[in-house]
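Right, one structure below, let's go through it.
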Amino acid sequence: MEHHWKELIPVDRYVVRSNSILHDFDRKVLTLLYQPLIGCRAYSLYMTLWSELEQHRLWGEETTHHSLMAIMQCSLKEIYQERLKLEGIGLLKTYVNHEQDERMFIYELQAPLTPEQFFTDGVLNIFLYNRVGKSKFNKLKQFFSTSTVDMSKFSPITRSFNEIFYSVHPEQMVAAVNDETKEDLTLADGYEYVGRKEKNEYDITDDVFDFDLFFAGLSANMVPKRAINAKVKDAIKKLAFLYGIGPLEMQKIVISVIDPYEHIDIDALRKAAREWYQFEHGESLPHLSTRVQPLPYRTMTDVEPKTKEEQLIKQLETISPRQLLMDISGGAEPSLSDLQIIEDVMFRQKLLPGVVNVLIYYVMLRTDMKLSKAYVEKIASHWARKKIRTVKEAMELAKREAREYQKWASEKEKAQKGSKKIIRKELLPDWLNMDYSQKESESKEEEVHDLEAKRRELEEKLKKYRDDHNE
């Protein structure tokens with residue numbers, strides 16, 4: 001990530017703690033269920049931090065990030081990137097103290113979800129299914145489950161506490177519960193009991209779903225607000241994130257599952273959302289990159305495009321990054337490497353889908369119709385720091401920073417091919433409004449025409465997608 005040194009430098013100190021006792025079984029859950037989602041490096045970082053805790057203890061020894069770099073044989077930039085993955089998926093909480101001369105970090109390890117929580121989560125299990133495939137997913141599900149016993153054939157004979165134990169007589173007890181006794185029974189300040197705390201789940205922010213619009217169009221007679229309790233609201237937010245469901249569609253889904261007692265069953269809600277998605281998109285389940293731009297961050301909703309740029313904005317707001325890659329490749333399924341690049345950007349940088357679409361469109365034309373991982377991540381980190389949330393903002397920033405981005409591309413090409421070779425002057429998308437009138441040498445004219453043809457081809461593919469969906 002660009003400018004990671006603003007957030008972290010090698011001499012910054014840190015200490016590891018765990019919010020609860022971690023068990024050996026957690027290693028299996030992390031290895032088999034979480035590692036396919038976060039990758040081997042983020043998994044290695046978690047395990048390395050865990051190793052700094054003594055057995056059955058919650059705190060490790062204070063040290064510097066330089067030692068962590070030496071142990072993992074990774075750069076600080078890579079450690080920072082993998083740390084963000086752990087934070088995003090709910091395995092790590094990070095705290096920093098700026099009051100000291102040197103920054104001090106606390107890395108609080110969070111216990112993974114139990115297998116039951118993971119496989120019934122509704123988000124992580126779907127992503128795991130898509131990562132490992134049906135066969136491996138079923139094997140993992142079988143590995144983390146066991147056969148049940150029909151308890152109806154058995155009768156309980158367990159004795160109760162009062163059947164076995166009895167209270168002693170007063171003369172056998174402590175004469176009086178004095179202040180000293182009370183102090184013995186109370187844990188001293190600054191200490192906490194070692195144990196297993198309730199799991200803190202990963203966080204999906206409220207801005208992925210417009211609850212105001214959802215409630216505004218929902219009749220209180222059909223679905224009273226009390227039926228949308230905290231658990232239901234959290235489920236709605238997760239389902240909206242996973243399946244790209246808008247507030248209006250979610251209203252219909254919620255109405256379809258509420259029972260006569262004005263209760264909403266979470267499992268029924270998930271099933272209805274999945275059926276809606278499969279009806280809209282076929283039998284396949286979503287990847288992380290299939291999200292579309294949330295309604296609150298669209299600027300062309302209910303607006304008829306008047307210019308070519310507005311047409312492009314509206315299209316990029318209503319198409320997923322995965323679909324955009326498919327259209328650019330003539331309908332072919334995107335390569336796993338391209339999808340991984342896009343998913344990593346959305347996961348780590350938390351860029352919205354429409355903004356990612358602008359990034360794809362820009363980089364494709366700048367790098368001869370290829371997704372360059374380093375170039376994508378460099379621009380994405382810049383947009384994330386600028387808090388770019390809409391397609392229009394991304395386009396405007398690209399206009400202002402076009403020369404800087406061109407410089408980055410040139411530096412990358414120099415590093416790959418050597419500084420003595422000629423760096424191509426590539427064309428930019430129309431919406432950047434760059435001046436194409438500068439003269440090119442005869443030796444580069446053919447290359448420029450090829451890029452111009454690729455730009456026209458890309459626009460034709462996007463136009464075809466727009467026409468097909470407007471029919």
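Chains: A, B, ... in order of the structure tokens. Residues: from 1 per chain. Ligands: from 1, in order shown.
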
Quiz item: Can you tell me, as a VMD selection string, what residues are no more than 10 Å from Leu351 in chain A when counting only C-alpha atoms, ignoring any on the same chain fewer than 2 positions away?
Solution: chain A and resid 293 342 345 to 349 353 to 357 359 380 to 381 383 to 384 387 to 390

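Per DSSP on the backbone, helix (DSSP H, G or I) in range 16-47 of chain A comprises Asp24, Phe25, Asp26, Arg27, Lys28, Val29, Leu30, Thr31, Leu32, Leu33, Tyr34, Gln35, Pro36, Leu37, Ile38, Cys40, Arg41, Ala42, Tyr43, Ser44, Leu45, Tyr46 and Met47 of chain A.
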
Quiz item: From the list A:Tyr14, A:Phe127, A:Trp59, A:Tyr34, which residue is nearest Val96 in chain A when using only C-alpha atoms?
Solution: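 Nearest candidate to Val96 in chain A out of A:Tyr14, A:Phe127, A:Trp59, A:Tyr34: A:Tyr14.
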
Practice problem: Tell me which of A:Met395, A:Ala42, A:Leu325, A:Ile236 sits closest to Glu310 in chain A, counting only C-alpha atoms. | Solution: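 Checking each candidate against Glu310 in chain A, we get A:Met395 as the closest.
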
Quiz prompt | Nearby residues (only C-alpha atoms) at most 6 Å from Leu91 in chain A, same-chain spacing under 4 positions excluded, as a list of chain:residue names | solution =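 My reading of the contact set: A:Leu86, A:Glu87, A:Gln110.
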
Practice problem: Excluding Glu377 in chain A and residues on its chain fewer than 4 positions from it, collect all residues at most 9 Å away from it, counting only C-alpha atoms, and give them as a PyMOL selection string. | Solution: chain A and resi 1-2+341+344-345+349+372-373+381-382

Practice problem: Rank A:Lys308, A:Tyr405, A:Ser152, A:Arg103 by their smallest atom-to-atom distance to Lys378 in chain A, using only C-alpha atoms, and report the top residue only. | Solution: A:Tyr405

Practice problem: With a distance cut-off of 9 Å and only C-alpha atoms, select the neighbouring residues of range 71-83 of chain A, excluding the residue or stretch itself and same-chain residues fewer than 2 positions from it, and output the selection as a ChimeraX atom specification. | Solution: /A:1-5,7-10,38-39,41-46,48,65-69,85-88,92,94,348

Next, the residues of the selection above should be written as a CSV table (one decimal), in the first residue's frame with C-alpha atoms.
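Final output, out.csv:
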```csv
chain,number,residue,atom,x,y,z
A,1,MET,CA,0.0,0.0,0.0
A,2,GLU,CA,1.4,3.4,-1.0
A,3,HIS,CA,2.5,5.6,1.9
A,4,HIS,CA,2.1,2.7,4.4
A,5,TRP,CA,5.0,4.4,6.3
A,7,GLU,CA,0.7,4.4,9.4
A,8,LEU,CA,3.6,2.2,10.4
A,9,ILE,CA,7.4,2.3,10.6
A,10,PRO,CA,9.9,-0.4,11.7
A,38,ILE,CA,-7.4,-14.3,3.5
A,39,GLY,CA,-4.4,-16.0,1.8
A,41,ARG,CA,0.5,-14.4,4.2
A,42,ALA,CA,-2.4,-13.1,6.4
A,43,TYR,CA,-2.7,-16.5,7.9
A,44,SER,CA,1.1,-16.6,8.6
A,45,LEU,CA,0.9,-13.2,10.3
A,46,TYR,CA,-1.9,-14.3,12.6
A,48,THR,CA,3.2,-15.5,14.1
A,65,HIS,CA,7.9,-4.2,14.0
A,66,HIS,CA,11.5,-4.7,12.8
A,67,SER,CA,11.7,-8.0,14.6
A,68,LEU,CA,8.4,-9.0,13.0
A,69,MET,CA,9.8,-8.2,9.6
A,85,LYS,CA,-7.0,-8.4,5.9
A,86,LEU,CA,-7.1,-9.8,9.4
A,87,GLU,CA,-8.9,-6.7,10.7
A,88,GLY,CA,-11.4,-6.8,7.9
A,92,LEU,CA,-7.6,-8.8,14.7
A,94,THR,CA,-5.6,-2.8,16.4
A,348,ARG,CA,-8.4,-4.2,1.7
```

Quiz prompt | Selection: 10 Å around Arg274 in chain A, only C-alpha atoms, excl. self and same-chain fewer than 3 positions, as a list in words | solution =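 Those residues are Gly122, Leu239, Leu242, Tyr243, Ala268, Leu269, Arg270, Lys271, Tyr277, Gln278, Phe279, Glu280, Glu283, Leu285 and Pro286 of chain A.
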
Got time to write the residues from that selection, C-alpha atoms, as a compact mmCIF listing (two decimals), in the first residue's frame?
```
# COMPACT_ATOMS: atom_id res chain seq x y z
CA GLY A 122 -24.43 -16.43 5.36
CA LEU A 239 -27.52 -10.12 2.70
CA LEU A 242 -23.52 -10.41 -0.28
CA TYR A 243 -26.20 -10.42 -2.97
CA ALA A 268 -36.11 -17.96 6.00
CA LEU A 269 -34.79 -14.48 5.18
CA ARG A 270 -31.49 -15.93 3.96
CA LYS A 271 -33.27 -18.56 1.87
CA TYR A 277 -30.37 -13.79 -6.33
CA GLN A 278 -30.52 -17.09 -8.20
CA PHE A 279 -33.70 -15.99 -9.99
CA GLU A 280 -31.97 -12.77 -11.06
CA GLU A 283 -27.71 -20.76 -10.15
CA LEU A 285 -23.48 -17.86 -6.09
CA PRO A 286 -21.70 -14.50 -5.78
```
